[in-house]
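Visitor: Structure supplied as target-v7.json; contents: JSON, C-alpha atoms.
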[["chain", "number", "residue", "atom", "x", "y", "z"],
["A", 11, "MET", "CA", -8.19, -1.72, 24.23],
["A", 12, "ARG", "CA", -6.58, -5.08, 23.74],
["A", 13, "ASN", "CA", -2.91, -6.00, 23.86],
["A", 14, "LEU", "CA", -2.38, -7.84, 20.59],
["A", 15, "SER", "CA", 0.79, -7.22, 18.62],
["A", 16, "ASP", "CA", 0.70, -6.14, 14.98],
["A", 17, "LYS", "CA", 1.75, -9.64, 13.97],
["A", 18, "GLU", "CA", -1.18, -11.22, 15.83],
["A", 19, "THR", "CA", -3.57, -8.63, 14.46],
["A", 20, "ILE", "CA", -2.42, -9.24, 10.89],
["A", 21, "LEU", "CA", -2.77, -12.99, 11.37],
["A", 22, "ARG", "CA", -6.30, -12.52, 12.68],
["A", 23, "ILE", "CA", -7.19, -10.33, 9.68],
["A", 24, "LYS", "CA", -5.75, -12.97, 7.37],
["A", 25, "ASN", "CA", -8.03, -15.46, 9.09],
["A", 26, "GLY", "CA", -11.03, -13.38, 8.10],
["A", 27, "LYS", "CA", -11.50, -11.29, 11.24],
["A", 28, "ILE", "CA", -11.94, -8.05, 9.37],
["A", 29, "ASP", "CA", -12.98, -6.18, 12.54],
["A", 30, "ASP", "CA", -9.34, -6.25, 13.63],
["A", 31, "PHE", "CA", -8.38, -3.97, 10.77],
["A", 32, "THR", "CA", -9.96, -1.21, 12.87],
["A", 33, "TYR", "CA", -7.04, -1.53, 15.31],
["A", 34, "ILE", "CA", -4.53, -1.06, 12.51],
["A", 35, "VAL", "CA", -6.41, 2.00, 11.26],
["A", 36, "LYS", "CA", -6.67, 3.49, 14.77],
["A", 37, "LYS", "CA", -3.03, 2.80, 15.52],
["A", 38, "TYR", "CA", -1.48, 4.30, 12.38],
["A", 39, "ASN", "CA", -4.05, 6.79, 11.17],
["A", 40, "LYS", "CA", -2.57, 9.69, 13.11],
["A", 41, "GLN", "CA", 0.99, 9.06, 11.90],
["A", 42, "ILE", "CA", -0.12, 8.74, 8.31],
["A", 43, "TYR", "CA", -2.25, 11.86, 8.60],
["A", 44, "ASN", "CA", 0.62, 13.89, 10.06],
["A", 45, "TYR", "CA", 2.91, 12.68, 7.29],
["A", 46, "ILE", "CA", 0.53, 13.53, 4.46],
["A", 47, "ILE", "CA", -0.54, 16.91, 5.83],
["A", 48, "LYS", "CA", 3.02, 18.15, 5.28],
["A", 49, "LYS", "CA", 2.76, 17.44, 1.57],
["A", 50, "ILE", "CA", -0.89, 17.96, 0.68],
["A", 51, "LYS", "CA", -2.79, 20.97, 1.91],
["A", 52, "ASN", "CA", -6.35, 20.20, 0.87],
["A", 53, "ARG", "CA", -8.18, 18.30, 3.60],
["A", 54, "ASP", "CA", -10.38, 16.33, 1.19],
["A", 55, "ASP", "CA", -7.35, 15.25, -0.82],
["A", 56, "ILE", "CA", -5.55, 14.18, 2.37],
["A", 57, "GLU", "CA", -8.52, 12.08, 3.43],
["A", 58, "ASP", "CA", -8.79, 10.53, -0.02],
["A", 59, "VAL", "CA", -5.12, 9.53, 0.00],
["A", 60, "ILE", "CA", -5.41, 8.09, 3.53],
["A", 61, "GLN", "CA", -8.54, 6.11, 2.68],
["A", 62, "THR", "CA", -7.04, 4.71, -0.51],
["A", 63, "SER", "CA", -3.77, 3.88, 1.25],
["A", 64, "PHE", "CA", -5.48, 1.89, 3.99],
["A", 65, "LEU", "CA", -7.67, 0.14, 1.43],
["A", 66, "GLN", "CA", -4.58, -0.77, -0.61],
["A", 67, "PHE", "CA", -2.95, -2.08, 2.55],
["A", 68, "TYR", "CA", -6.02, -4.19, 3.27],
["A", 69, "LYS", "CA", -5.99, -5.55, -0.28],
["A", 70, "ALA", "CA", -2.31, -6.47, 0.09],
["A", 71, "ILE", "CA", -2.66, -7.99, 3.54],
["A", 72, "ALA", "CA", -2.92, -11.57, 2.25],
["A", 73, "ARG", "CA", 0.53, -11.18, 0.68],
["A", 74, "PHE", "CA", 1.96, -9.20, 3.60],
["A", 75, "ASP", "CA", 4.57, -10.98, 5.69],
["A", 76, "GLU", "CA", 3.35, -10.56, 9.27],
["A", 77, "GLU", "CA", 6.93, -10.94, 10.55],
["A", 78, "LYS", "CA", 7.76, -7.57, 9.02],
["A", 79, "PRO", "CA", 6.77, -4.26, 10.66],
["A", 80, "VAL", "CA", 3.56, -2.68, 9.41],
["A", 81, "LEU", "CA", 4.53, 0.99, 9.41],
["A", 82, "PRO", "CA", 7.29, 1.00, 6.72],
["A", 83, "TYR", "CA", 5.06, -1.03, 4.41],
["A", 84, "LEU", "CA", 2.15, 1.31, 5.04],
["A", 85, "PHE", "CA", 4.36, 4.33, 4.40],
["A", 86, "GLN", "CA", 5.50, 2.82, 1.12],
["A", 87, "ILE", "CA", 1.86, 2.46, 0.08],
["A", 88, "VAL", "CA", 1.15, 6.04, 1.17],
["A", 89, "LYS", "CA", 4.08, 7.29, -0.90],
["A", 90, "ASN", "CA", 2.85, 5.40, -3.96],
["A", 91, "GLU", "CA", -0.65, 6.75, -3.44],
["A", 92, "MET", "CA", 0.71, 10.27, -3.16],
["A", 93, "LYS", "CA", 2.60, 9.82, -6.42],
["A", 94, "MET", "CA", -0.62, 8.63, -8.04],
["A", 95, "PHE", "CA", -2.38, 11.63, -6.54],
["A", 96, "TRP", "CA", 0.14, 14.09, -7.98],
["A", 97, "ARG", "CA", -0.04, 12.37, -11.34],
["A", 98, "SER", "CA", -3.83, 12.53, -11.38],
["A", 99, "LYS", "CA", -3.66, 16.21, -10.40],
["A", 100, "LYS", "CA", -1.38, 16.89, -13.34],
["A", 101, "LYS", "CA", -3.73, 15.05, -15.66],
["A", 102, "THR", "CA", -6.82, 16.90, -14.54],
["A", 103, "VAL", "CA", -5.49, 20.46, -14.88],
["A", 104, "PRO", "CA", -8.08, 21.91, -17.24],
["A", 105, "LEU", "CA", -6.54, 23.39, -20.37],
["A", 106, "ASP", "CA", -9.31, 25.84, -21.02],
["A", 107, "GLU", "CA", -9.11, 28.73, -23.39],
["A", 108, "ARG", "CA", -8.96, 31.30, -20.64],
["A", 109, "ILE", "CA", -5.73, 29.88, -19.28],
["A", 110, "ALA", "CA", -4.27, 29.75, -22.77],
["A", 111, "VAL", "CA", -5.20, 33.42, -23.31],
["A", 112, "ASP", "CA", -3.79, 34.36, -19.90],
["A", 113, "GLU", "CA", -0.56, 32.66, -20.80],
["A", 114, "GLN", "CA", -0.37, 34.64, -24.01],
["A", 115, "GLU", "CA", -1.14, 37.90, -22.25],
["A", 116, "GLU", "CA", 1.48, 37.43, -19.57],
["A", 117, "PRO", "CA", 4.60, 36.10, -21.24],
["A", 118, "VAL", "CA", 6.71, 38.21, -18.91],
["A", 119, "ASP", "CA", 6.10, 35.97, -15.91],
["A", 120, "GLN", "CA", 7.10, 32.85, -17.76],
["A", 121, "GLY", "CA", 10.16, 34.59, -19.08],
["A", 122, "PHE", "CA", 11.02, 35.80, -15.60],
["A", 123, "ILE", "CA", 10.75, 32.27, -14.22],
["A", 124, "GLU", "CA", 12.86, 30.93, -17.05],
["A", 125, "ARG", "CA", 15.49, 33.61, -16.46],
["A", 126, "GLN", "CA", 15.53, 32.89, -12.76],
["A", 127, "LEU", "CA", 15.88, 29.17, -13.34],
["A", 128, "SER", "CA", 18.64, 29.71, -15.87],
["A", 129, "LYS", "CA", 20.80, 30.99, -13.03],
["A", 130, "LEU", "CA", 20.73, 27.54, -11.48],
["A", 131, "ASN", "CA", 22.70, 24.53, -12.55],
["A", 132, "HIS", "CA", 20.94, 21.46, -13.95],
["A", 133, "GLU", "CA", 20.62, 19.63, -10.64],
["A", 134, "GLN", "CA", 19.39, 22.69, -8.73],
["A", 135, "LYS", "CA", 16.85, 23.42, -11.48],
["A", 136, "LYS", "CA", 15.51, 19.87, -11.37],
["A", 137, "ALA", "CA", 15.33, 19.87, -7.56],
["A", 138, "ILE", "CA", 13.48, 23.21, -7.47],
["A", 139, "LYS", "CA", 11.02, 22.01, -10.10],
["A", 140, "LEU", "CA", 10.33, 18.84, -8.12],
["A", 141, "VAL", "CA", 9.85, 20.84, -4.89],
["A", 142, "SER", "CA", 7.34, 23.07, -6.67],
["A", 143, "GLU", "CA", 5.49, 19.93, -7.78],
["A", 144, "GLY", "CA", 5.15, 18.90, -4.16],
["A", 145, "PHE", "CA", 7.64, 16.06, -3.90],
["A", 146, "SER", "CA", 9.39, 15.50, -0.59],
["A", 147, "TYR", "CA", 13.16, 15.83, -0.20],
["A", 148, "ARG", "CA", 13.37, 12.08, 0.22],
["A", 149, "GLU", "CA", 11.48, 11.49, -3.04],
["A", 150, "ILE", "CA", 13.65, 14.06, -4.85],
["A", 151, "GLY", "CA", 16.69, 12.28, -3.43],
["A", 152, "LYS", "CA", 15.45, 9.06, -4.96],
["A", 153, "PHE", "CA", 14.81, 10.70, -8.35],
["A", 154, "LEU", "CA", 18.23, 12.35, -8.47],
["A", 155, "GLY", "CA", 20.06, 9.47, -6.83],
["A", 156, "ARG", "CA", 21.43, 11.68, -4.03],
["A", 157, "PRO", "CA", 21.18, 11.43, -0.23],
["A", 158, "ILE", "CA", 18.54, 13.57, 1.47],
["A", 159, "ASN", "CA", 21.09, 15.91, 3.11],
["A", 160, "THR", "CA", 22.67, 16.66, -0.27],
["A", 161, "ILE", "CA", 19.19, 17.46, -1.63],
["A", 162, "ARG", "CA", 18.62, 19.83, 1.30],
["A", 163, "THR", "CA", 21.92, 21.60, 0.51],
["A", 164, "ILE", "CA", 21.16, 21.77, -3.24],
["A", 165, "ILE", "CA", 17.76, 23.34, -2.60],
["A", 166, "ARG", "CA", 19.08, 25.74, 0.06],
["A", 167, "ARG", "CA", 21.82, 26.96, -2.27],
["A", 168, "ALA", "CA", 19.38, 27.31, -5.16],
["A", 169, "ARG", "CA", 17.06, 29.41, -3.01],
["A", 170, "GLU", "CA", 19.92, 31.58, -1.80],
["A", 171, "LYS", "CA", 21.01, 32.14, -5.37],
["A", 172, "LEU", "CA", 17.49, 33.19, -6.37],
["A", 173, "LYS", "CA", 17.13, 35.45, -3.32],
["A", 174, "ASN", "CA", 20.43, 37.20, -3.93],
["A", 175, "ASP", "CA", 19.40, 38.30, -7.42],
["A", 176, "PRO", "CA", 15.60, 38.49, -7.61],
["A", 177, "SER", "CA", 15.68, 40.84, -10.62],
["A", 178, "GLY", "CA", 16.42, 38.00, -12.96],
["A", 179, "LYS", "CA", 18.93, 40.12, -14.85],
["A", 180, "SER", "CA", 21.94, 37.99, -14.06],
["A", 181, "GLN", "CA", 22.38, 35.29, -16.67],
["A", 182, "GLY", "CA", 25.50, 33.64, -15.29],
["A", 183, "HIS", "CA", 25.63, 29.89, -14.78],
["A", 184, "SER", "CA", 27.27, 28.55, -11.68],
["A", 185, "GLY", "CA", 28.30, 25.04, -10.67],
["B", 30, "MET", "CA", -12.61, 14.62, 12.73],
["B", 31, "ARG", "CA", -10.16, 11.73, 12.86],
["B", 32, "LYS", "CA", -12.93, 9.44, 14.16],
["B", 33, "ILE", "CA", -15.02, 10.23, 11.09],
["B", 34, "LEU", "CA", -12.05, 9.49, 8.84],
["B", 35, "GLU", "CA", -11.49, 6.17, 10.62],
["B", 36, "LYS", "CA", -15.13, 5.28, 10.12],
["B", 37, "ARG", "CA", -14.89, 6.13, 6.43],
["B", 38, "ILE", "CA", -11.80, 3.96, 6.01],
["B", 39, "ILE", "CA", -13.47, 1.02, 7.76],
["B", 40, "ARG", "CA", -16.60, 1.48, 5.67],
["B", 41, "LYS", "CA", -14.54, 1.45, 2.48],
["B", 42, "VAL", "CA", -12.75, -1.71, 3.58],
["B", 43, "TYR", "CA", -16.02, -3.44, 4.45],
["B", 44, "SER", "CA", -17.63, -2.40, 1.15],
["B", 45, "TYR", "CA", -14.66, -3.81, -0.73],
["B", 46, "GLU", "CA", -14.60, -7.03, 1.31],
["B", 47, "THR", "CA", -18.37, -7.53, 1.04],
["B", 48, "LYS", "CA", -18.27, -7.28, -2.76],
["B", 49, "LEU", "CA", -15.21, -9.52, -2.96],
["B", 50, "THR", "CA", -16.63, -12.18, -0.64],
["B", 51, "ILE", "CA", -19.97, -12.31, -2.46],
["B", 52, "TRP", "CA", -18.25, -12.45, -5.83],
["B", 53, "LYS", "CA", -15.86, -15.21, -4.66],
["B", 54, "LEU", "CA", -18.70, -17.26, -3.17],
["B", 55, "ILE", "CA", -20.73, -17.04, -6.38],
["B", 56, "ALA", "CA", -17.73, -17.81, -8.58],
["B", 57, "ARG", "CA", -16.58, -20.76, -6.45],
["B", 58, "SER", "CA", -20.08, -22.24, -6.22],
["B", 59, "PHE", "CA", -20.52, -21.87, -9.97],
["B", 60, "ILE", "CA", -17.16, -23.51, -10.74],
["B", 61, "LEU", "CA", -17.75, -26.36, -8.28],
["B", 62, "LEU", "CA", -21.25, -27.06, -9.59],
["B", 63, "SER", "CA", -20.05, -26.95, -13.19],
["B", 64, "LEU", "CA", -17.22, -29.36, -12.43],
["B", 65, "MET", "CA", -19.60, -31.71, -10.58],
["B", 66, "MET", "CA", -21.94, -31.69, -13.56],
["B", 67, "PHE", "CA", -19.04, -32.38, -15.93],
["B", 68, "VAL", "CA", -17.83, -35.30, -13.82],
["B", 69, "ALA", "CA", -21.35, -36.76, -13.55],
["B", 70, "LEU", "CA", -21.89, -36.35, -17.30],
["B", 71, "PHE", "CA", -18.64, -38.03, -18.28],
["B", 72, "ILE", "CA", -19.04, -40.86, -15.77],
["B", 73, "SER", "CA", -22.54, -41.55, -17.11],
["B", 74, "MET", "CA", -21.17, -41.44, -20.68],
["B", 75, "VAL", "CA", -18.43, -43.94, -19.83],
["B", 76, "THR", "CA", -20.87, -46.24, -17.99],
["B", 77, "GLU", "CA", -23.38, -46.12, -20.85],
["B", 78, "GLU", "CA", -20.66, -46.97, -23.35],
["B", 79, "LEU", "CA", -19.44, -49.89, -21.21],
["B", 80, "VAL", "CA", -23.00, -51.20, -20.80],
["B", 81, "ARG", "CA", -23.66, -50.85, -24.53],
["B", 82, "GLN", "CA", -20.49, -52.83, -25.34],
["B", 83, "GLN", "CA", -21.39, -55.38, -22.63],
["B", 84, "THR", "CA", -17.87, -54.84, -21.31],
["B", 85, "LEU", "CA", -19.07, -55.05, -17.73],
["B", 86, "ASP", "CA", -20.15, -58.66, -18.32],
["B", 87, "ILE", "CA", -16.51, -59.73, -18.07],
["B", 88, "PHE", "CA", -16.71, -59.09, -14.34],
["B", 89, "ASP", "CA", -19.14, -62.03, -14.00],
["B", 90, "LEU", "CA", -15.94, -63.97, -13.73],
["B", 91, "PHE", "CA", -15.65, -62.80, -10.13],
["B", 92, "TYR", "CA", -18.48, -65.21, -9.23],
["B", 93, "GLU", "CA", -16.15, -68.09, -10.25],
["B", 94, "ASP", "CA", -13.54, -69.84, -8.09],
["B", 95, "PHE", "CA", -10.49, -67.92, -6.94],
["B", 96, "VAL", "CA", -8.16, -70.07, -9.07],
["B", 97, "VAL", "CA", -10.13, -69.27, -12.23],
["B", 98, "ILE", "CA", -10.14, -65.57, -11.35],
["B", 99, "LYS", "CA", -6.39, -65.67, -10.76],
["B", 100, "GLU", "CA", -5.72, -67.36, -14.10],
["B", 101, "ASN", "CA", -7.86, -64.98, -16.16],
["B", 102, "MET", "CA", -7.25, -61.72, -14.25],
["B", 103, "ALA", "CA", -4.64, -60.30, -16.63],
["B", 104, "GLU", "CA", -6.77, -61.09, -19.66],
["B", 105, "ILE", "CA", -9.87, -59.51, -18.10],
["B", 106, "LEU", "CA", -8.03, -56.34, -17.20],
["B", 107, "SER", "CA", -6.47, -56.01, -20.65],
["B", 108, "THR", "CA", -9.87, -56.54, -22.32],
["B", 109, "PHE", "CA", -11.46, -54.01, -20.01],
["B", 110, "TYR", "CA", -8.69, -51.50, -20.72],
["B", 111, "GLN", "CA", -9.03, -51.94, -24.48],
["B", 112, "GLU", "CA", -12.77, -51.43, -24.43],
["B", 113, "LEU", "CA", -12.72, -48.32, -22.27],
["B", 114, "PRO", "CA", -13.69, -45.06, -24.06],
["B", 115, "ILE", "CA", -10.28, -43.50, -23.37],
["B", 116, "ILE", "CA", -11.04, -39.83, -24.14],
["B", 117, "GLU", "CA", -14.13, -39.71, -21.91],
["B", 118, "VAL", "CA", -12.24, -41.46, -19.11],
["B", 119, "ILE", "CA", -9.32, -38.99, -19.32],
["B", 120, "VAL", "CA", -11.64, -35.98, -19.31],
["B", 121, "ALA", "CA", -13.59, -37.37, -16.36],
["B", 122, "PHE", "CA", -10.35, -38.08, -14.51],
["B", 123, "ILE", "CA", -8.90, -34.59, -15.06],
["B", 124, "THR", "CA", -12.19, -32.95, -14.08],
["B", 125, "THR", "CA", -12.36, -35.06, -10.94],
["B", 126, "ILE", "CA", -8.82, -34.00, -10.00],
["B", 127, "PHE", "CA", -9.76, -30.32, -10.46],
["B", 128, "LEU", "CA", -12.91, -30.85, -8.45],
["B", 129, "LEU", "CA", -10.96, -32.49, -5.64],
["B", 130, "ILE", "CA", -8.34, -29.71, -5.53],
["B", 131, "LEU", "CA", -10.99, -26.99, -5.48],
["B", 132, "SER", "CA", -13.04, -28.84, -2.86],
["B", 133, "ILE", "CA", -10.00, -29.25, -0.60],
["B", 134, "LYS", "CA", -9.12, -25.58, -1.03],
["B", 135, "LEU", "CA", -12.69, -24.60, -0.17],
["B", 136, "ILE", "CA", -12.80, -26.87, 2.87],
["B", 137, "VAL", "CA", -9.49, -25.42, 4.12],
["B", 138, "SER", "CA", -10.75, -21.86, 3.71],
["B", 139, "ILE", "CA", -14.16, -22.47, 5.31],
["B", 140, "PRO", "CA", -13.15, -21.11, 8.77],
["B", 141, "ARG", "CA", -11.74, -17.95, 7.12],
["B", 142, "ILE", "CA", -14.85, -17.46, 4.99],
["B", 143, "LYS", "CA", -17.04, -18.05, 8.04],
["B", 144, "ASN", "CA", -15.13, -15.40, 10.02],
["B", 145, "LYS", "CA", -15.37, -12.97, 7.13],
["B", 146, "ILE", "CA", -19.11, -13.45, 6.71],
["B", 147, "ARG", "CA", -19.61, -13.08, 10.47],
["B", 148, "SER", "CA", -17.60, -9.82, 10.51],
["B", 149, "ILE", "CA", -19.41, -8.47, 7.44],
["B", 150, "VAL", "CA", -22.88, -9.27, 8.77],
["B", 151, "LYS", "CA", -21.99, -7.82, 12.19],
["B", 152, "TYR", "CA", -20.68, -4.62, 10.61],
["B", 153, "TRP", "CA", -23.62, -4.01, 8.25],
["B", 154, "LEU", "CA", -26.16, -4.81, 10.96],
["B", 155, "SER", "CA", -24.60, -2.32, 13.37],
["B", 156, "ASN", "CA", -24.12, 0.43, 10.77]]
How would this structure read if it were set down as C-alpha cells?
Guide:
Amino acid sequence: MRNLSDKETILRIKNGKIDDFTYIVKKYNKQIYNYIIKKIKNRDDIEDVIQTSFLQFYKAIARFDEEKPVLPYLFQIVKNEMKMFWRSKKKTVPLDERIAVDEQEEPVDQGFIERQLSKLNHEQKKAIKLVSEGFSYREIGKFLGRPINTIRTIIRRAREKLKNDPSGKSQGHSG
Amino acid sequence: MRKILEKRIIRKVYSYETKLTIWKLIARSFILLSLMMFVALFISMVTEELVRQQTLDIFDLFYEDFVVIKENMAEILSTFYQELPIIEVIVAFITTIFLLILSIKLIVSIPRIKNKIRSIVKYWLSN
C-alpha cells in the first residue's frame, strides 16, 4: 500500500491516472457501506447506491477542490443518491388492481393508522411519517429545520404516546 | 463480498471513462479538422480574390529602393486594405483564433489524455 494523501491521490486522478481511484474506493467503501446499511436493508439496493455514489464522485472529481476533505463530500453525494433512491422507490410502487382491492377490503387498518396519527401533533406526525419512509434523523432535522437531538426527542415522545394508547380510541390532541 | 463490490465500482468508473475519453477524442478531432478545413478554405478564397484583382502586384514595389518604399508605404497599405475581401478575412481570422485556442487546450491536456488512455488500456487488458 502506498502512502499518498487524499489530496495527492485526487491530483493524480485529475491528471488522468484513473487507477488511483481504486485507493479512494478501497479507503472509503467500508465507511460508506456501514452508513448505508443502516438505512437500506436490501443488499442489491445498497450496492447500487454505493456504485452510483462513487461514480458520481468520479464524475465530479474535476470540479472537486483537493484541499477539502474527501469524506464529507462523498457523504453528501451518498445522501443525495439515497434521496434519489427513495424517490425512485416511491415512483415504482406498482398500483395494480390487487392492491387497490386490498385497500378497499381493509379500510380498518388505514383508519386505525389515521386515528393513531391523529393523537400526535403536526410536527410529531411529520417526523413519524418521514421515519417510516426511511429518512435519517439528520435528514428529518433538515426537513423540519430542527437540530437532530430535538428530532430524537420528538420521535421518542411520539412513540411513547402511541405505545401508551395502542387501541387508537383516544382522539385527544396534545402539544 | 466487499472486494467484489470494489471491483464493480472500478469497472463502472472505467466503463464511464472509456466512453467519455473516446467520445471526447472523436469530438475534438472532428472540431479541429473542421476548423482547419474552414481556415484553409477561407485563406484560399482570400488569396484567389487578391490574385484575381491583381492586388498582390502592389508588393512589387518592395523590389524598388528603400526611399521609394518608404514614400509609398502608406499608400500601398491603404490600397491593399481597401481591396481585401473583408468578410472572408474576418471569418478566416475568427476561425484561426478558435483553432489556436482549441489547439493550445489540446496540447496542454495531452499528458492527461495520455495517462487516461494508458490507464484504460491497462485496465481492459488485465480484466
Visitor: What are the residues of chain B that have an atom within 7 Å of an atom of chain A, counting only C-alpha atoms, as a PyMOL selection string?
Guide: chain B and resi 34-35+38-39+42+141-142+144-145+148
Visitor: Which residues come within 10 Å of B:Leu106, counting all atoms listed in the file, excluding same-chain residues fewer than 6 positions away, as an MDAnalysis selection string?
Guide: chainID B and resid 87:88 112
Visitor: With all atoms listed in the file counted, which protein, DNA or RNA residues have an atom no more than 12 Å from (-16.8, -64.1, -19.7) in the file frame? Please answer as a list in words.
Guide: Gln83, Thr84, Leu85, Asp86, Ile87, Phe88, Asp89, Leu90, Phe91, Tyr92, Glu93, Val97, Ile98, Asn101, Met102, Glu104, Ile105, Leu106, Thr108 and Phe109 of chain B
Visitor: When you count all atoms listed in the file, which of these residues is closest to A:Ser142: A:Lys37, A:Lys78, A:Lys49, A:Arg156?
Guide: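 Between A:Lys37, A:Lys78, A:Lys49, A:Arg156, the residue approaching A:Ser142 most closely is A:Lys49.
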Visitor: Just give me the gap between atom CA of B:Ala69 and atom CA of B:Gln111 in Å, one decimal is fine.
Guide: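 Between these atoms lies a distance of 22.4 Å.
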Visitor: Can you tell me how far atom CA of A:Val141 sits from atom CA of A:Arg53, in Å to one decimal?
Guide: 20.1 Å
Visitor: For atom CA of A:Arg162 and atom CA of A:Tyr147, quote the distance in Å rounded to one decimal.
Guide: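 Computing the Euclidean distance for atom CA of A:Arg162 and atom CA of A:Tyr147 yields 6.9 Å.
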Visitor: Give me the residues near A:Met94 as a PDB file with C-alpha atoms, keeping the file's coordinate frame, where near means some atom within 12 Å (using only C-alpha atoms) and where sequence neighbours in that chain fewer than 5 positions away do not count.
Guide:
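Result file part-v8.pdb:
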ATOM      1  CA  ASP A  55      -7.350  15.250  -0.820  1.00  0.00           C
ATOM      2  CA  ASP A  58      -8.790  10.530  -0.020  1.00  0.00           C
ATOM      3  CA  VAL A  59      -5.120   9.530   0.000  1.00  0.00           C
ATOM      4  CA  THR A  62      -7.040   4.710  -0.510  1.00  0.00           C
ATOM      5  CA  SER A  63      -3.770   3.880   1.250  1.00  0.00           C
ATOM      6  CA  ILE A  87       1.860   2.460   0.080  1.00  0.00           C
ATOM      7  CA  VAL A  88       1.150   6.040   1.170  1.00  0.00           C
ATOM      8  CA  LYS A  89       4.080   7.290  -0.900  1.00  0.00           C
ATOM      9  CA  LYS A  99      -3.660  16.210 -10.400  1.00  0.00           C
ATOM     10  CA  LYS A 100      -1.380  16.890 -13.340  1.00  0.00           C
ATOM     11  CA  LYS A 101      -3.730  15.050 -15.660  1.00  0.00           C
ATOM     12  CA  PHE A 145       7.640  16.060  -3.900  1.00  0.00           C
TER      13      PHE A 145
END
Visitor: Residues at most 8 Å from B:Thr50, counting only C-alpha atoms, excluding those fewer than 2 positions away in the same chain, as a PyMOL selection string?
Guide: chain B and resi 46-48+52-54+142+145-146
Visitor: Since the input lacks atoms, please generate N, CA and C atoms for stretch 81-100 of chain B and provide them as a PDB file, in the coordinates of the input.
Guide:
ATOM      1  N   ARG B  81     -23.302 -50.600 -23.135  1.00  0.00           N
ATOM      2  CA  ARG B  81     -23.660 -50.850 -24.530  1.00  0.00           C
ATOM      3  C   ARG B  81     -22.755 -51.925 -25.145  1.00  0.00           C
ATOM      4  N   GLN B  82     -21.450 -51.853 -24.799  1.00  0.00           N
ATOM      5  CA  GLN B  82     -20.490 -52.830 -25.340  1.00  0.00           C
ATOM      6  C   GLN B  82     -20.512 -54.160 -24.589  1.00  0.00           C
ATOM      7  N   GLN B  83     -21.321 -54.203 -23.527  1.00  0.00           N
ATOM      8  CA  GLN B  83     -21.390 -55.380 -22.630  1.00  0.00           C
ATOM      9  C   GLN B  83     -20.020 -55.711 -22.035  1.00  0.00           C
ATOM     10  N   THR B  84     -19.212 -54.641 -21.881  1.00  0.00           N
ATOM     11  CA  THR B  84     -17.870 -54.840 -21.310  1.00  0.00           C
ATOM     12  C   THR B  84     -17.956 -55.274 -19.848  1.00  0.00           C
ATOM     13  N   LEU B  85     -18.970 -54.767 -19.167  1.00  0.00           N
ATOM     14  CA  LEU B  85     -19.070 -55.050 -17.730  1.00  0.00           C
ATOM     15  C   LEU B  85     -19.358 -56.528 -17.450  1.00  0.00           C
ATOM     16  N   ASP B  86     -19.846 -57.232 -18.505  1.00  0.00           N
ATOM     17  CA  ASP B  86     -20.150 -58.660 -18.320  1.00  0.00           C
ATOM     18  C   ASP B  86     -18.900 -59.478 -17.973  1.00  0.00           C
ATOM     19  N   ILE B  87     -17.738 -58.959 -18.353  1.00  0.00           N
ATOM     20  CA  ILE B  87     -16.510 -59.730 -18.070  1.00  0.00           C
ATOM     21  C   ILE B  87     -16.280 -59.880 -16.576  1.00  0.00           C
ATOM     22  N   PHE B  88     -16.899 -58.995 -15.790  1.00  0.00           N
ATOM     23  CA  PHE B  88     -16.710 -59.090 -14.340  1.00  0.00           C
ATOM     24  C   PHE B  88     -17.559 -60.201 -13.696  1.00  0.00           C
ATOM     25  N   ASP B  89     -18.388 -60.859 -14.508  1.00  0.00           N
ATOM     26  CA  ASP B  89     -19.140 -62.030 -14.000  1.00  0.00           C
ATOM     27  C   ASP B  89     -18.177 -63.124 -13.545  1.00  0.00           C
ATOM     28  N   LEU B  90     -16.972 -63.001 -14.085  1.00  0.00           N
ATOM     29  CA  LEU B  90     -15.940 -63.970 -13.730  1.00  0.00           C
ATOM     30  C   LEU B  90     -15.676 -64.008 -12.214  1.00  0.00           C
ATOM     31  N   PHE B  91     -15.922 -62.879 -11.564  1.00  0.00           N
ATOM     32  CA  PHE B  91     -15.650 -62.800 -10.130  1.00  0.00           C
ATOM     33  C   PHE B  91     -16.552 -63.725  -9.302  1.00  0.00           C
ATOM     34  N   TYR B  92     -17.620 -64.250  -9.943  1.00  0.00           N
ATOM     35  CA  TYR B  92     -18.480 -65.210  -9.230  1.00  0.00           C
ATOM     36  C   TYR B  92     -17.859 -66.623  -9.266  1.00  0.00           C
ATOM     37  N   GLU B  93     -16.798 -66.774 -10.127  1.00  0.00           N
ATOM     38  CA  GLU B  93     -16.150 -68.090 -10.250  1.00  0.00           C
ATOM     39  C   GLU B  93     -15.190 -68.332  -9.076  1.00  0.00           C
ATOM     40  N   ASP B  94     -14.510 -69.512  -9.130  1.00  0.00           N
ATOM     41  CA  ASP B  94     -13.540 -69.840  -8.090  1.00  0.00           C
ATOM     42  C   ASP B  94     -12.340 -68.891  -8.155  1.00  0.00           C
ATOM     43  N   PHE B  95     -11.649 -68.811  -7.034  1.00  0.00           N
ATOM     44  CA  PHE B  95     -10.490 -67.920  -6.940  1.00  0.00           C
ATOM     45  C   PHE B  95      -9.397 -68.302  -7.941  1.00  0.00           C
ATOM     46  N   VAL B  96      -9.216 -69.597  -8.157  1.00  0.00           N
ATOM     47  CA  VAL B  96      -8.160 -70.070  -9.070  1.00  0.00           C
ATOM     48  C   VAL B  96      -8.458 -69.592 -10.504  1.00  0.00           C
ATOM     49  N   VAL B  97      -9.726 -69.712 -10.878  1.00  0.00           N
ATOM     50  CA  VAL B  97     -10.130 -69.270 -12.230  1.00  0.00           C
ATOM     51  C   VAL B  97      -9.905 -67.761 -12.367  1.00  0.00           C
ATOM     52  N   ILE B  98     -10.311 -67.043 -11.326  1.00  0.00           N
ATOM     53  CA  ILE B  98     -10.140 -65.570 -11.350  1.00  0.00           C
ATOM     54  C   ILE B  98      -8.666 -65.234 -11.529  1.00  0.00           C
ATOM     55  N   LYS B  99      -7.827 -65.930 -10.741  1.00  0.00           N
ATOM     56  CA  LYS B  99      -6.390 -65.670 -10.760  1.00  0.00           C
ATOM     57  C   LYS B  99      -5.795 -65.923 -12.157  1.00  0.00           C
ATOM     58  N   GLU B 100      -6.250 -66.976 -12.785  1.00  0.00           N
ATOM     59  CA  GLU B 100      -5.720 -67.360 -14.100  1.00  0.00           C
ATOM     60  C   GLU B 100      -6.094 -66.348 -15.192  1.00  0.00           C
TER      61      GLU B 100
END
